[in-house]
Amino acid sequence: MINNIDNINDITFDFFYKKKVIALQRKKGYRFSVDSPILADFLPFSPNDNALEIGTGSGIISLLALYKNKFSFIYGIEIQDKLSRLARINIKKNNFNEKFKVINADFNEIYKNFSGIKTIFSNPPFKTISIGRLSPNEEIRISKTEIKITLKELLEKSFSILGEKGSLYLILPYNRYKELIELSNDIGYFVSKLRYILSFKDGKVERFLIQLTNNRGSFKKLKPLIVFKHKGVYTNEMKDIFSGN
């Protein structure tokens, strides 16, 4: 099946949760980072609910969430055809055919089809077109840069389809924090949960996890997530995240 879409020599096999979850990726295409298992860990346990992932890529976040029975079913929207086909292979290899459906489409065009869903999550494109050098690789460029969807579009359209007491979960670089909060306030979101991510204990905040809700409730700021004990050595919490504990 791999040979139908890719050269096997261009594929890597990555494992999570003590090798219980496998993810195929292209060596030269978009490759997920530690942000994916971090976001999967941050997601709530709602085993009786469906969820929606915007920009599913090769499917790793949803695969990890499903392995931990966080949702009953996930719809993953992926605008890039090659990535969506790779995600379908990963679904089959992890035996989630009945729990995970990838839709190759533009979220901006089909978002109304998901009206009433209560949980949406995304590791969205984090670079604006005007800042930084664009990758020469189209797959990477679209995945990381706001070419096909902007943060504002993602927030607005997600808000319009969230059901009662719905939530949007995101991971983003800290340099987008102020913008996200301003956009969220304008749209009508409330911040329910926030967690900063640092590479090292004494370092600067680099990224953040956030839960935005469409209803006013309590706010919880979690202790920062520290990725490394020291260079090249993960903290115990990160080891737990990678192993699925």
# chains A, B, ... in the order shown; residues from 1 in each chain; ligands from 1

call {"tool": "select_by_dssp", "arguments": {"residues": "stretch 13-122 of chain A", "states": "helix (DSSP H, G or I)", "output": "ChimeraX atom specification"}}
result
/A:35-42,60-67,81-93,107-114

call {"tool": "closest_atom_pairs", "arguments": {"of": "stretch 160-244 of chain A", "to": "stretch 64-74 of chain A", "cutoff": "12 Å", "atoms": "only C-alpha atoms", "output": "CSV"}}
result
residue,atom,partner,partner_atom,distance
A:Ile241,CA,A:Leu64,CA,10.2
A:Phe242,CA,A:Leu64,CA,9.8
A:Ser243,CA,A:Leu64,CA,10.3
A:Gly244,CA,A:Lys68,CA,7.7

call {"tool": "closest_residue", "arguments": {"among": "A:Lys165, A:Phe159, A:Asn215, A:Gly57", "to": "A:Asp81", "atoms": "only C-alpha atoms"}}
result
A:Gly57

call {"tool": "residues_around", "arguments": {"residues": "A:Glu156", "least_positions_apart": "2", "cutoff": "12 Å", "atoms": "only C-alpha atoms", "output": "list in words"}}
result
Phe107, Asn108, Tyr111, Lys112, Ile149, Thr150, Leu151, Lys152, Glu153, Leu154, Ser158, Phe159, Ser160, Ile161, Leu162, Leu168, Leu180, Leu183, Ser184, Asn185, Asp186, Ile187, Gly188, Tyr189, Leu212 and Asn214 of chain A

call {"tool": "closest_residue", "arguments": {"among": "A:Glu179, A:Ile38, A:Ile147, A:Gly59", "to": "A:Arg195", "atoms": "only C-alpha atoms"}}
result
A:Ile38

call {"tool": "residues_around", "arguments": {"residues": "stretch 200-209 of chain A", "least_positions_apart": "4", "cutoff": "6 Å", "atoms": "only C-alpha atoms", "output": "count of residues only"}}
result
10

call {"tool": "residues_around", "arguments": {"residues": "A:Ile61", "least_positions_apart": "2", "cutoff": "12 Å", "atoms": "only C-alpha atoms", "output": "ChimeraX atom specification"}}
result
/A:16,21-23,32-43,51-59,63-68,70,74-76,87,90-91,100,121-123,169-171,242

call {"tool": "select_by_dssp", "arguments": {"residues": "stretch 9-239 of chain A", "states": "strand (DSSP E)", "output": "PyMOL selection string"}}
result
chain A and resi 11-16+21-26+46-54+71-78+100-104+117-122+162-173+190-198+205-213+220-221+225-226+228-230+233-234

call {"tool": "closest_residue", "arguments": {"among": "A:Glu109, A:Tyr177, A:Val233, A:Ser167", "to": "A:Phe190", "atoms": "only C-alpha atoms"}}
result
A:Ser167

call {"tool": "closest_residue", "arguments": {"among": "A:Lys101, A:Lys231, A:Lys144, A:Leu86", "to": "A:Lys127", "atoms": "only C-alpha atoms"}}
result
A:Lys144

call {"tool": "closest_residue", "arguments": {"among": "A:Val191, A:Ile110, A:Leu83, A:Ile117", "to": "A:Glu164", "atoms": "only C-alpha atoms"}}
result
A:Ile117
